[in-house]
file structure-v7.txt (compact mmCIF, C-alpha atoms)
# COMPACT_ATOMS: atom_id res chain seq x y z
CA MET A 9 38.27 -14.76 54.55
CA ILE A 10 38.08 -18.29 53.08
CA MET A 11 40.22 -20.94 54.76
CA VAL A 12 42.01 -23.54 52.60
CA ASN A 13 43.96 -26.20 54.52
CA ASN A 14 43.50 -24.01 57.62
CA LYS A 15 45.25 -21.11 55.90
CA PRO A 16 43.58 -17.86 54.87
CA LYS A 17 43.13 -17.68 51.10
CA THR A 18 42.24 -14.79 48.82
CA LEU A 19 42.14 -14.48 45.06
CA THR A 20 43.34 -11.68 42.81
CA LEU A 21 40.64 -9.75 40.97
CA ARG A 22 40.81 -9.76 37.18
CA SER A 23 38.63 -8.02 34.61
CA VAL A 24 37.47 -10.35 31.83
CA ALA A 25 36.48 -8.55 28.62
CA ILE A 26 33.26 -10.49 28.03
CA ASP A 27 29.84 -8.86 27.62
CA THR A 28 27.44 -11.20 29.43
CA TYR A 29 24.35 -9.15 28.48
CA LYS A 30 22.90 -7.99 31.80
CA GLU A 31 24.00 -11.04 33.78
CA ASN A 32 26.67 -10.93 36.46
CA VAL A 33 29.21 -13.67 35.76
CA ALA A 34 32.38 -14.62 37.65
CA TYR A 35 35.13 -16.90 36.30
CA LEU A 36 37.11 -19.38 38.38
CA HIS A 37 39.86 -21.68 37.07
CA ARG A 38 39.22 -25.39 37.48
CA ASP A 39 42.64 -25.81 39.16
CA CYS A 40 41.90 -23.14 41.77
CA GLU A 41 42.20 -24.57 45.32
CA ILE A 42 39.01 -22.83 46.40
CA TYR A 43 37.04 -24.35 43.52
CA ARG A 44 37.58 -27.87 44.87
CA SER A 45 37.70 -27.18 48.60
CA GLU A 46 34.44 -25.21 48.64
CA GLY A 47 32.56 -27.53 46.29
CA PHE A 48 31.71 -24.88 43.70
CA GLN A 49 30.07 -25.91 40.44
CA ALA A 50 29.37 -24.08 37.19
CA LEU A 51 26.20 -21.93 37.37
CA ASN A 52 26.35 -21.74 41.19
CA LYS A 53 25.45 -18.31 42.54
CA VAL A 54 28.35 -16.89 44.53
CA LYS A 55 29.04 -13.79 46.59
CA ILE A 56 32.21 -11.86 45.74
CA SER A 57 33.57 -9.62 48.51
CA SER A 58 36.48 -7.23 48.75
CA ALA A 59 39.12 -8.36 51.24
CA ASP A 60 38.11 -5.60 53.68
CA GLY A 61 34.43 -6.55 53.39
CA GLY A 62 33.50 -3.09 52.13
CA ARG A 63 32.03 -4.21 48.80
CA SER A 64 30.17 -7.29 47.65
CA VAL A 65 28.25 -8.48 44.61
CA ILE A 66 26.26 -11.57 43.63
CA THR A 67 27.25 -13.42 40.44
CA VAL A 68 26.74 -16.65 38.54
CA LEU A 69 29.90 -18.77 38.46
CA ASN A 70 31.52 -20.08 35.28
CA ILE A 71 34.46 -22.50 35.35
CA VAL A 72 37.33 -22.06 32.88
CA ASP A 73 40.26 -24.25 31.86
CA ASP A 74 42.24 -21.55 30.05
CA ALA A 75 44.61 -19.58 32.30
CA ALA A 76 44.63 -16.83 29.64
CA ILE A 77 41.07 -16.04 30.77
CA THR A 78 41.50 -16.51 34.52
CA GLY A 79 44.44 -18.13 36.28
CA PRO A 80 44.27 -20.54 39.25
CA GLU A 81 45.03 -17.72 41.69
CA GLU A 82 42.60 -15.26 40.11
CA LEU A 83 38.90 -14.48 40.13
CA GLY A 84 37.60 -13.07 36.86
CA LEU A 85 34.59 -10.77 36.56
CA SER A 86 32.67 -10.01 33.36
CA GLU A 87 32.41 -6.41 32.16
CA GLN A 88 29.05 -5.68 33.78
CA VAL A 89 29.84 -7.01 37.24
CA PHE A 90 33.36 -5.54 37.23
CA CYS A 91 31.82 -2.08 36.77
CA GLN A 92 29.31 -2.76 39.55
CA PHE A 93 31.95 -4.06 41.96
CA ALA A 94 34.01 -0.89 41.42
CA THR A 95 37.19 -2.45 42.82
CA PRO A 96 40.56 -2.06 41.08
CA GLU A 97 41.95 -4.98 39.10
CA GLY A 98 44.59 -6.84 41.10
CA SER A 99 42.81 -6.31 44.42
CA PRO A 100 42.42 -9.26 46.84
CA VAL A 101 38.87 -10.67 46.92
CA ASN A 102 36.98 -13.50 48.61
CA ILE A 103 34.35 -15.82 47.16
CA ALA A 104 31.61 -17.73 48.97
CA HIS A 105 28.35 -19.49 48.21
CA ALA A 106 25.48 -17.00 47.92
CA SER A 107 22.39 -17.49 50.03
CA VAL A 108 19.10 -18.37 48.31
CA PRO A 109 16.92 -15.26 47.74
CA HIS A 110 13.94 -15.12 50.09
CA SER A 111 11.63 -14.32 47.18
CA ILE A 112 12.30 -17.68 45.50
CA LYS A 113 9.40 -19.15 47.49
CA ALA A 114 7.02 -16.55 46.03
CA MET A 115 8.38 -17.21 42.54
CA ARG A 116 7.72 -20.94 42.96
CA ARG A 117 4.16 -20.20 44.11
CA LYS A 118 3.59 -18.23 40.91
CA ILE A 119 4.90 -21.12 38.82
CA SER A 120 2.36 -23.31 40.64
CA GLY A 121 -0.42 -20.95 39.54
CA GLU A 122 -0.98 -19.06 42.78
CA ARG A 123 -1.91 -15.41 42.99
CA LEU A 124 0.82 -13.14 44.40
CA LEU A 125 0.51 -10.01 46.54
CA PHE A 126 2.32 -6.68 46.17
CA GLU A 127 4.89 -7.70 48.80
CA ASP A 128 5.69 -10.82 46.77
CA TYR A 129 6.25 -8.92 43.52
CA LEU A 130 8.28 -6.25 45.31
CA ALA A 131 10.56 -8.88 46.88
CA ILE A 132 11.05 -10.63 43.52
CA ASN A 133 11.85 -7.37 41.75
CA GLU A 134 14.26 -6.23 44.46
CA ASP A 135 16.14 -9.53 44.23
CA ILE A 136 16.26 -9.38 40.41
CA VAL A 137 17.63 -5.81 40.46
CA SER A 138 20.21 -6.88 43.06
CA ASN A 139 21.35 -9.69 40.71
CA ARG A 140 20.29 -12.41 43.15
CA TYR A 141 18.45 -14.22 40.34
CA SER A 142 20.18 -16.10 37.55
CA LYS A 143 18.76 -15.92 34.03
CA ILE A 144 17.44 -19.44 34.49
CA GLU A 145 15.43 -18.35 37.54
CA ILE A 146 14.22 -15.20 35.77
CA ALA A 147 13.06 -17.31 32.83
CA ALA A 148 11.14 -19.58 35.22
CA TYR A 149 9.48 -16.52 36.80
CA LEU A 150 8.49 -15.07 33.42
CA VAL A 151 7.06 -18.38 32.22
CA GLY A 152 5.15 -18.72 35.49
CA CYS A 153 3.56 -15.30 35.02
CA ALA A 154 2.74 -16.06 31.38
CA GLU A 155 1.30 -19.53 31.91
CA SER A 156 -0.68 -18.97 35.12
CA GLY A 157 -1.72 -15.46 34.09
CA MET A 158 -2.04 -12.28 36.13
CA ASP A 159 -5.32 -10.68 37.13
CA ARG A 160 -5.89 -6.91 36.99
CA GLU A 161 -4.76 -6.34 40.58
CA GLU A 162 -1.61 -8.41 40.09
CA VAL A 163 -0.65 -6.28 37.11
CA LEU A 164 -1.05 -3.22 39.36
CA PHE A 165 1.11 -4.87 42.05
CA LEU A 166 3.81 -5.69 39.52
CA THR A 167 3.71 -2.17 38.05
CA LYS A 168 4.18 -0.60 41.49
CA ALA A 169 6.97 -3.08 42.33
CA MET A 170 8.84 -2.28 39.11
CA LEU A 171 8.39 1.44 39.78
CA ASN A 172 9.58 1.23 43.39
CA THR A 173 12.85 -0.53 42.48
CA GLY A 174 14.15 2.31 40.30
CA GLU A 175 14.52 6.06 40.01
CA GLN A 176 11.74 8.54 39.17
CA LEU A 177 12.01 11.79 37.23
CA GLU A 178 10.28 14.94 38.49
CA TRP A 179 9.36 17.87 36.22
CA ASP A 180 7.43 20.20 38.57
CA GLU A 181 4.61 20.58 36.03
CA GLN A 182 0.99 19.51 36.31
CA LEU A 183 0.72 18.25 32.72
CA VAL A 184 3.40 15.85 31.51
CA VAL A 185 2.26 13.82 28.50
CA ASP A 186 3.30 10.54 26.93
CA LYS A 187 2.15 8.20 24.19
CA HIS A 188 2.62 4.54 23.56
CA CYS A 189 2.02 2.06 20.83
CA ILE A 190 3.01 -1.58 20.69
CA GLY A 191 5.37 -1.05 17.80
CA VAL A 192 8.40 -3.23 16.91
CA ILE A 193 7.27 -3.10 13.28
CA PRO A 194 10.03 -1.88 10.92
CA GLY A 195 9.02 1.47 9.49
CA ASN A 196 6.32 2.08 12.12
CA ARG A 197 7.75 5.26 13.60
CA THR A 198 4.76 7.12 15.05
CA THR A 199 6.58 8.17 18.23
CA MET A 200 9.38 9.90 16.36
CA LEU A 201 6.79 11.99 14.49
CA ILE A 202 4.41 12.72 17.36
CA VAL A 203 6.91 13.81 20.02
CA PRO A 204 8.33 16.86 18.16
CA ILE A 205 4.84 17.92 17.02
CA VAL A 206 3.48 17.83 20.57
CA ALA A 207 6.57 19.60 21.95
CA GLU A 208 6.25 22.33 19.30
CA HIS A 209 2.80 23.06 20.68
CA GLY A 210 4.30 23.68 24.12
CA MET A 211 3.43 20.47 25.93
CA LEU A 212 6.08 18.68 27.98
CA MET A 213 6.77 15.22 26.54
CA PRO A 214 9.75 13.39 28.09
CA LYS A 215 9.64 10.19 26.01
CA THR A 216 11.56 7.19 27.24
CA SER A 217 11.53 3.86 25.46
CA SER A 218 12.70 0.33 26.08
CA CYS A 219 14.64 -1.58 23.49
CA ALA A 220 12.43 -3.96 21.52
CA ILE A 221 11.87 -7.51 22.72
CA THR A 222 10.93 -9.45 19.58
CA SER A 223 12.77 -7.38 16.96
CA PRO A 224 15.37 -4.60 16.61
CA ALA A 225 12.66 -2.11 15.70
CA GLY A 226 11.85 -0.41 19.01
CA THR A 227 11.81 3.38 19.23
CA ALA A 228 15.03 3.48 21.24
CA ASP A 229 16.69 1.16 18.73
CA THR A 230 15.69 3.34 15.77
CA MET A 231 16.45 6.66 17.48
CA GLU A 232 19.94 5.40 18.29
CA VAL A 233 20.69 5.40 14.56
CA LEU A 234 20.24 9.18 14.60
CA ALA A 235 21.46 10.20 18.05
CA ARG A 236 22.54 8.89 21.42
CA VAL A 237 19.74 7.50 23.56
CA ASP A 238 21.75 6.44 26.64
CA LEU A 239 21.40 9.78 28.41
CA ALA A 240 21.93 10.56 32.09
CA PRO A 241 19.09 12.22 34.10
CA GLU A 242 20.87 15.60 34.17
CA THR A 243 21.12 15.55 30.37
CA LEU A 244 17.42 14.72 30.11
CA HIS A 245 16.57 17.75 32.25
CA GLN A 246 18.74 19.96 30.03
CA LEU A 247 16.92 18.71 26.92
CA VAL A 248 13.51 19.34 28.47
CA ALA A 249 14.52 22.86 29.43
CA GLN A 250 15.68 23.54 25.88
CA GLU A 251 13.31 21.52 23.69
CA ARG A 252 10.33 20.55 25.91
CA ALA A 253 10.87 16.91 24.89
CA PHE A 254 13.34 14.13 24.28
CA LEU A 255 13.54 10.60 22.88
CA ALA A 256 15.73 8.44 25.08
CA TRP A 257 16.29 4.94 26.42
CA GLY A 258 15.02 4.53 29.97
CA GLY A 259 17.82 2.20 31.05
CA THR A 260 20.54 4.80 31.69
CA ALA A 261 18.21 6.87 33.86
CA LYS A 262 17.50 3.71 35.91
CA LEU A 263 13.75 4.01 35.35
CA ALA A 264 12.18 0.68 36.37
CA PRO A 265 15.58 -1.02 35.78
CA VAL A 266 14.19 -4.51 36.38
CA ASP A 267 12.35 -4.16 33.05
CA ASP A 268 15.58 -4.15 31.04
CA ILE A 269 16.82 -7.23 32.90
CA LEU A 270 13.57 -9.06 32.13
CA ILE A 271 13.72 -7.99 28.48
CA ALA A 272 17.23 -9.48 28.23
CA VAL A 273 15.65 -12.86 29.08
CA GLU A 274 12.42 -12.37 27.12
CA ARG A 275 14.18 -11.46 23.86
CA PRO A 276 15.80 -14.86 23.11
CA LEU A 277 12.53 -16.54 24.13
CA SER A 278 10.47 -14.18 21.89
CA MET A 279 8.07 -13.98 24.82
CA ASP A 280 6.15 -10.95 26.08
CA SER A 281 3.12 -11.89 28.21
CA PRO A 282 0.26 -9.35 28.50
CA GLY A 283 0.66 -8.82 32.25
CA GLN A 284 4.40 -8.24 32.07
CA MET A 285 3.97 -6.02 29.01
CA VAL A 286 1.40 -3.72 30.64
CA ALA A 287 3.45 -3.46 33.84
CA SER A 288 6.56 -2.69 31.80
CA ILE A 289 4.84 0.10 29.88
CA LEU A 290 3.07 1.74 32.83
CA SER A 291 6.02 1.58 35.21
CA LYS A 292 8.26 3.34 32.69
CA LYS A 293 5.63 6.04 32.06
CA VAL A 294 5.16 6.84 35.73
CA ALA A 295 8.91 6.66 36.41
CA ALA A 296 9.49 9.18 33.61
CA GLY A 297 7.15 11.60 35.39
CA SER A 298 4.20 11.35 33.01
CA THR A 299 0.78 12.41 34.27
CA HIS A 300 -1.29 11.90 31.10

call {"tool": "encode", "arguments": {"input": "structure-v7.txt", "output": "structure tokens"}}
result
Amino acid sequence: MIMVNNKPKTLTLRSVAIDTYKENVAYLHRDCEIYRSEGFQALNKVKISSADGGRSVITVLNIVDDAAITGPEELGLSEQVFCQFATPEGSPVNIAHASVPHSIKAMRRKISGERLLFEDYLAINEDIVSNRYSKIEIAAYLVGCAESGMDREEVLFLTKAMLNTGEQLEWDEQLVVDKHCIGVIPGNRTTMLIVPIVAEHGMLMPKTSSCAITSPAGTADTMEVLARVDLAPETLHQLVAQERAFLAWGGTAKLAPVDDILIAVERPLSMDSPGQMVASILSKKVAAGSTH
């Protein structure tokens, strides 16, 4: 419970219909007592907790002047974080400064050109998935990896870290195949041709794809024109049982979920470094259960 003038103070939760594109954002009115008494500033990272302490989430703070968005007695949450918080609108909530992620030190070492270990990459990925990093910090991490480079072993460490922070699909078969090409070229649709041909010959080919980084021409983007690609794991298993294959987006199945968060930052920068790209590809393949 936050104390304001020695009195307990809570705010009322409000859902704000803003899509913040894979970034947790909270909204506080400039005239809110807590805003001034606690010394909050825009872009601070804050911890939002339910009044009973049962739920909490980390967000980036935005300050608003329009009470139509969030009033002085309210705390607004963007669409993404409201769904994560899973607390009814109108509930009492508390807000406090978030602690600095422990992995920030490792991230700064990478920016300085140092070589990181598996434990470092795992800690960074766990904090990113837990929304402890802002997009500014993620951008700094990505630039650090791109500029200082990653050796072969570091790419392996990053791949394993991305894999270990998400779900993995199991198919109970010895041969599960996949293919990959660095596409994002409009009209280059090799995957959509190859997958049904391979499946027709009896091989199991559960094909997941990320959305494209530098264009809207990724396999998942194109397939979504024809059919849904945001499929739950149980639906994917049903498709495999029926068709021996599918074409789906890996995000809904939570396969290497940190990859989609990184892509959300890479896309406006038009940046895709070799090390990050290889780790992204391989982690998704292994998470989808591919063996070959």

call {"tool": "residues_around", "arguments": {"input": "structure-v7.txt", "residues": "A:Gln88", "least_positions_apart": "5", "cutoff": "12 Å", "atoms": "only C-alpha atoms", "output": "number ranges by chain"}}
result
A: 23-34, 65-67, 93-94, 139

call {"tool": "closest_residue", "arguments": {"input": "structure-v7.txt", "among": "A:Leu201, A:Val101, A:Met213, A:Ile289", "to": "A:His188", "atoms": "all atoms listed in the file"}}
result
A:Ile289

call {"tool": "residues_around", "arguments": {"input": "structure-v7.txt", "residues": "stretch 119-134 of chain A", "least_positions_apart": "6", "cutoff": "6 Å", "atoms": "only C-alpha atoms", "output": "list of chain:residue names"}}
result
A:Ser111, A:Gly152, A:Ser156, A:Phe165, A:Leu166, A:Ala169

call {"tool": "write_last_selection", "arguments": {"input": "structure-v7.txt", "atoms": "C-alpha atoms", "output": "PDB file, keeping the file's coordinate frame"}}
result
ATOM      1  CA  SER A 111      11.630 -14.320  47.180  1.00  0.00           C
ATOM      2  CA  GLY A 152       5.150 -18.720  35.490  1.00  0.00           C
ATOM      3  CA  SER A 156      -0.680 -18.970  35.120  1.00  0.00           C
ATOM      4  CA  PHE A 165       1.110  -4.870  42.050  1.00  0.00           C
ATOM      5  CA  LEU A 166       3.810  -5.690  39.520  1.00  0.00           C
ATOM      6  CA  ALA A 169       6.970  -3.080  42.330  1.00  0.00           C
TER       7      ALA A 169
END

call {"tool": "atom_distance", "arguments": {"input": "structure-v7.txt", "atom1": "atom CA of A:Met115", "atom2": "atom CA of A:Leu277"}}
result
18.9 Å

call {"tool": "closest_residue", "arguments": {"input": "structure-v7.txt", "among": "A:Leu83, A:Leu51, A:Pro204, A:Glu46", "to": "A:Thr18", "atoms": "all atoms listed in the file"}}
result
A:Leu83

call {"tool": "atom_distance", "arguments": {"input": "structure-v7.txt", "atom1": "atom CA of A:His110", "atom2": "atom CA of A:Lys143"}}
result
16.8 Å

call {"tool": "atom_distance", "arguments": {"input": "structure-v7.txt", "atom1": "atom CA of A:Phe48", "atom2": "atom CA of A:Asp268"}}
result
29.2 Å

call {"tool": "residues_around", "arguments": {"input": "structure-v7.txt", "residues": "A:Gly210", "least_positions_apart": "3", "cutoff": "10 Å", "atoms": "only C-alpha atoms", "output": "list in words"}}
result
Pro204, Ile205, Val206, Ala207, Met213, Glu251, Arg252 and Ala253 of chain A

call {"tool": "closest_residue", "arguments": {"input": "structure-v7.txt", "among": "A:Ser218, A:Thr20, A:Thr78, A:Asn52", "to": "A:Asp39", "atoms": "all atoms listed in the file"}}
result
A:Thr78

call {"tool": "residues_around", "arguments": {"input": "structure-v7.txt", "residues": "A:Met200", "least_positions_apart": "5", "cutoff": "9 Å", "atoms": "only C-alpha atoms", "output": "list in words"}}
result
Thr227, Met231 and Leu255 of chain A

call {"tool": "closest_residue", "arguments": {"input": "structure-v7.txt", "among": "A:Val68, A:Ile136, A:Glu155, A:Leu36", "to": "A:Ser281", "atoms": "all atoms listed in the file"}}
result
A:Glu155

call {"tool": "closest_residue", "arguments": {"input": "structure-v7.txt", "among": "A:Gly157, A:Pro241, A:Pro96, A:Pro282", "to": "A:Phe254", "atoms": "only C-alpha atoms"}}
result
A:Pro241

call {"tool": "residues_around", "arguments": {"input": "structure-v7.txt", "residues": "stretch 105-107 of chain A", "least_positions_apart": "5", "cutoff": "7 Å", "atoms": "only C-alpha atoms", "output": "list of chain:residue names"}}
result
A:Lys53, A:Val54, A:Lys55, A:Ile66

call {"tool": "closest_residue", "arguments": {"input": "structure-v7.txt", "among": "A:Thr243, A:Ser291, A:Thr216, A:Asn172", "to": "A:Trp257", "atoms": "all atoms listed in the file"}}
result
A:Thr216
